[in-house]
>>> print(open('start-v6.cif').read())   # mmCIF, C-alpha atoms
data_my_file
loop_
_atom_site.label_atom_id
_atom_site.label_comp_id
_atom_site.auth_asym_id
_atom_site.auth_seq_id
_atom_site.Cartn_x
_atom_site.Cartn_y
_atom_site.Cartn_z
CA MET A 1 103.01 104.98 121.69
CA SER A 2 102.08 102.64 118.86
CA LYS A 3 102.98 103.13 115.23
CA LEU A 4 101.10 102.73 111.97
CA ARG A 5 102.37 101.07 108.80
CA ILE A 6 100.75 102.83 105.86
CA THR A 7 100.95 101.14 102.46
CA TYR A 8 100.05 102.93 99.23
CA ARG A 9 97.80 100.49 97.31
CA LYS A 10 95.72 102.35 94.71
CA SER A 11 96.78 104.98 92.18
CA MET A 12 95.81 108.57 92.88
CA ILE A 13 95.25 109.32 89.18
CA GLY A 14 91.85 110.91 88.73
CA TYR A 15 91.49 111.98 92.37
CA ALA A 16 91.46 115.52 93.76
CA LYS A 17 94.66 117.50 94.18
CA ASP A 18 94.29 117.68 97.97
CA GLN A 19 94.21 113.88 98.15
CA LYS A 20 97.38 113.68 96.04
CA GLU A 21 99.07 116.15 98.39
CA THR A 22 97.96 114.10 101.41
CA ILE A 23 99.55 110.95 99.95
CA ARG A 24 102.78 112.89 99.42
CA SER A 25 102.71 114.35 102.93
CA LEU A 26 102.41 110.81 104.34
CA GLY A 27 105.75 110.12 102.63
CA LEU A 28 104.37 107.86 99.90
CA ARG A 29 105.59 108.18 96.32
CA ARG A 30 105.19 104.82 94.54
CA LEU A 31 102.48 102.17 94.54
CA GLY A 32 103.25 99.42 97.02
CA GLN A 33 105.52 101.64 99.11
CA SER A 34 105.10 101.54 102.90
CA THR A 35 106.00 104.01 105.59
CA ILE A 36 105.82 103.90 109.38
CA LYS A 37 104.30 106.89 111.15
CA PRO A 38 103.38 107.56 114.80
CA ASP A 39 99.77 106.98 115.76
CA ASN A 40 98.45 110.46 116.49
CA PRO A 41 95.33 112.43 115.53
CA SER A 42 96.95 114.37 112.68
CA ILE A 43 98.21 111.22 110.95
CA ARG A 44 94.85 109.51 111.55
CA GLY A 45 93.11 112.48 109.90
CA MET A 46 95.33 112.24 106.82
CA ILE A 47 94.71 108.49 106.61
CA PHE A 48 90.95 109.05 106.88
CA LYS A 49 91.09 111.44 103.93
CA VAL A 50 92.79 108.87 101.66
CA ARG A 51 91.48 105.65 103.24
CA HIS A 52 90.38 104.37 99.81
CA LEU A 53 93.98 104.58 98.51
CA VAL A 54 95.95 103.07 101.41
CA VAL A 55 96.06 100.06 103.72
CA VAL A 56 96.85 100.67 107.40
CA GLU A 57 98.26 98.24 109.98
CA GLU A 58 98.79 99.00 113.64
CA LEU A 59 102.21 97.94 114.94
CA PRO A 60 102.83 97.30 118.64
CA ASP A 61 105.78 99.09 120.29
CA GLU A 62 108.02 96.02 120.53
CA VAL A 63 107.88 95.42 116.74
CA THR A 64 109.16 98.91 115.87
CA ALA A 65 111.89 99.04 118.53
#
>>> encode(input="start-v6.cif", output="structure tokens")
Amino acid sequence: MSKLRITYRKSMIGYAKDQKETIRSLGLRRLGQSTIKPDNPSIRGMIFKVRHLVVVEELPDEVTA
């Protein structure tokens, strides 16, 4: 199963509370911070909701091992 590197790139100031909570639930707290999450439908749904605030890269299995 592949993984996703999610990087927090744009401030959530001025955006809706549910988008702020989604950023937090992805494990992101500071601008520029990255986290690696599994590629599954629930994570993809959260990314879709805040796609204007984050940058996503797909990582092959051998890179994360």
>>> atom_distance(input="start-v6.cif", atom1="CA of Ile23 in chain A", atom2="CA of Ile47 in chain A")
8.6 Å
>>> resolve_selection(input="start-v6.cif", expression="the PyMOL selection byres ((chain A and resi 59) around 8)", output="ChimeraX atom specification")
/A:2-5,57-58,60-61,63-64
>>> resolve_selection(input="start-v6.cif", expression="the PyMOL selection byres ((chain A and resi 26) around 10)", output="PyMOL selection string")
chain A and resi 6-8+21-25+27-29+34-37+43+46-47
>>> closest_residue(input="start-v6.cif", among="A:Lys10, A:Arg44, A:Ala16, A:Lys49", to="Arg30 in chain A", atoms="only C-alpha atoms")
A:Lys10
>>> residues_around(input="start-v6.cif", residues="Arg9 in chain A", least_positions_apart="3", cutoff="6 Å", atoms="only C-alpha atoms", output="tab-separated table (two decimals) with C-alpha atoms, in the coordinates of the input")
chain	number	residue	atom	x	y	z
A	31	LEU	CA	102.48	102.17	94.54
A	32	GLY	CA	103.25	99.42	97.02
A	53	LEU	CA	93.98	104.58	98.51
A	54	VAL	CA	95.95	103.07	101.41
>>> atom_distance(input="start-v6.cif", atom1="CA of Asn40 in chain A", atom2="CA of Lys17 in chain A")
23.7 Å
>>> axis_aligned_box(input="start-v6.cif", around="range 43-49 of chain A", padding_each_side="5 Å", output="lines of an AutoDock Vina configuration file")
center_x = 94.6
center_y = 110.5
center_z = 107.7
size_x = 17.3
size_y = 14.0
size_z = 17.6
>>> atom_distance(input="start-v6.cif", atom1="CA of Met1 in chain A", atom2="CA of His52 in chain A")
25.3 Å
>>> build_atoms(input="start-v6.cif", residues="range 24-46 of chain A", atoms="N, CA, C and O atoms", output="compact mmCIF listing (two decimals), in the coordinates of the input")
# COMPACT_ATOMS: atom_id res chain seq x y z
N ARG A 24 101.39 112.43 99.39
CA ARG A 24 102.78 112.89 99.42
C ARG A 24 103.22 113.27 100.82
O ARG A 24 104.33 112.97 101.24
N SER A 25 102.34 113.91 101.58
CA SER A 25 102.71 114.35 102.93
C SER A 25 102.85 113.16 103.89
O SER A 25 103.52 113.27 104.91
N LEU A 26 102.22 112.03 103.55
CA LEU A 26 102.41 110.81 104.34
C LEU A 26 103.75 110.14 104.00
O LEU A 26 104.12 109.17 104.63
N GLY A 27 104.45 110.67 103.00
CA GLY A 27 105.75 110.12 102.63
C GLY A 27 105.67 109.00 101.61
O GLY A 27 106.62 108.24 101.46
N LEU A 28 104.56 108.92 100.89
CA LEU A 28 104.37 107.86 99.90
C LEU A 28 104.54 108.42 98.50
O LEU A 28 103.97 109.44 98.16
N ARG A 29 105.33 107.72 97.68
CA ARG A 29 105.59 108.18 96.32
C ARG A 29 105.24 107.15 95.26
O ARG A 29 104.80 107.51 94.18
N ARG A 30 105.45 105.87 95.52
CA ARG A 30 105.19 104.82 94.54
C ARG A 30 104.16 103.83 95.06
O ARG A 30 104.08 103.59 96.26
N LEU A 31 103.42 103.21 94.15
CA LEU A 31 102.48 102.17 94.54
C LEU A 31 103.22 101.03 95.23
O LEU A 31 104.32 100.66 94.81
N GLY A 32 102.64 100.51 96.28
CA GLY A 32 103.25 99.42 97.02
C GLY A 32 104.23 99.86 98.09
O GLY A 32 104.68 99.05 98.89
N GLN A 33 104.57 101.13 98.12
CA GLN A 33 105.52 101.64 99.11
C GLN A 33 104.84 101.74 100.47
O GLN A 33 103.66 102.07 100.57
N SER A 34 105.60 101.44 101.52
CA SER A 34 105.10 101.54 102.90
C SER A 34 105.93 102.53 103.68
O SER A 34 107.11 102.72 103.40
N THR A 35 105.30 103.13 104.67
CA THR A 35 106.00 104.01 105.59
C THR A 35 105.44 103.79 106.98
O THR A 35 104.30 103.37 107.14
N ILE A 36 106.26 104.05 107.99
CA ILE A 36 105.82 103.90 109.38
C ILE A 36 105.73 105.29 110.00
O ILE A 36 106.69 106.06 109.95
N LYS A 37 104.57 105.58 110.54
CA LYS A 37 104.30 106.89 111.15
C LYS A 37 103.77 106.68 112.56
O LYS A 37 103.18 105.65 112.87
N PRO A 38 103.95 107.68 113.45
CA PRO A 38 103.38 107.56 114.80
C PRO A 38 101.86 107.63 114.75
O PRO A 38 101.29 108.25 113.85
N ASP A 39 101.23 106.99 115.69
CA ASP A 39 99.77 106.98 115.76
C ASP A 39 99.32 108.19 116.56
O ASP A 39 99.30 108.19 117.78
N ASN A 40 98.96 109.26 115.84
CA ASN A 40 98.45 110.46 116.49
C ASN A 40 97.28 111.03 115.67
O ASN A 40 97.05 110.60 114.54
N PRO A 41 96.53 111.95 116.23
CA PRO A 41 95.33 112.43 115.53
C PRO A 41 95.59 113.06 114.16
O PRO A 41 94.76 112.92 113.26
N SER A 42 96.70 113.74 113.98
CA SER A 42 96.95 114.37 112.68
C SER A 42 97.21 113.33 111.60
O SER A 42 96.71 113.46 110.47
N ILE A 43 97.96 112.30 111.91
CA ILE A 43 98.21 111.22 110.95
C ILE A 43 96.92 110.46 110.68
O ILE A 43 96.60 110.13 109.53
N ARG A 44 96.13 110.20 111.73
CA ARG A 44 94.85 109.51 111.55
C ARG A 44 93.92 110.32 110.64
O ARG A 44 93.19 109.75 109.83
N GLY A 45 93.94 111.64 110.76
CA GLY A 45 93.11 112.48 109.90
C GLY A 45 93.53 112.40 108.44
O GLY A 45 92.69 112.33 107.54
N MET A 46 94.85 112.37 108.19
CA MET A 46 95.33 112.24 106.82
C MET A 46 94.95 110.87 106.25
O MET A 46 94.55 110.77 105.09
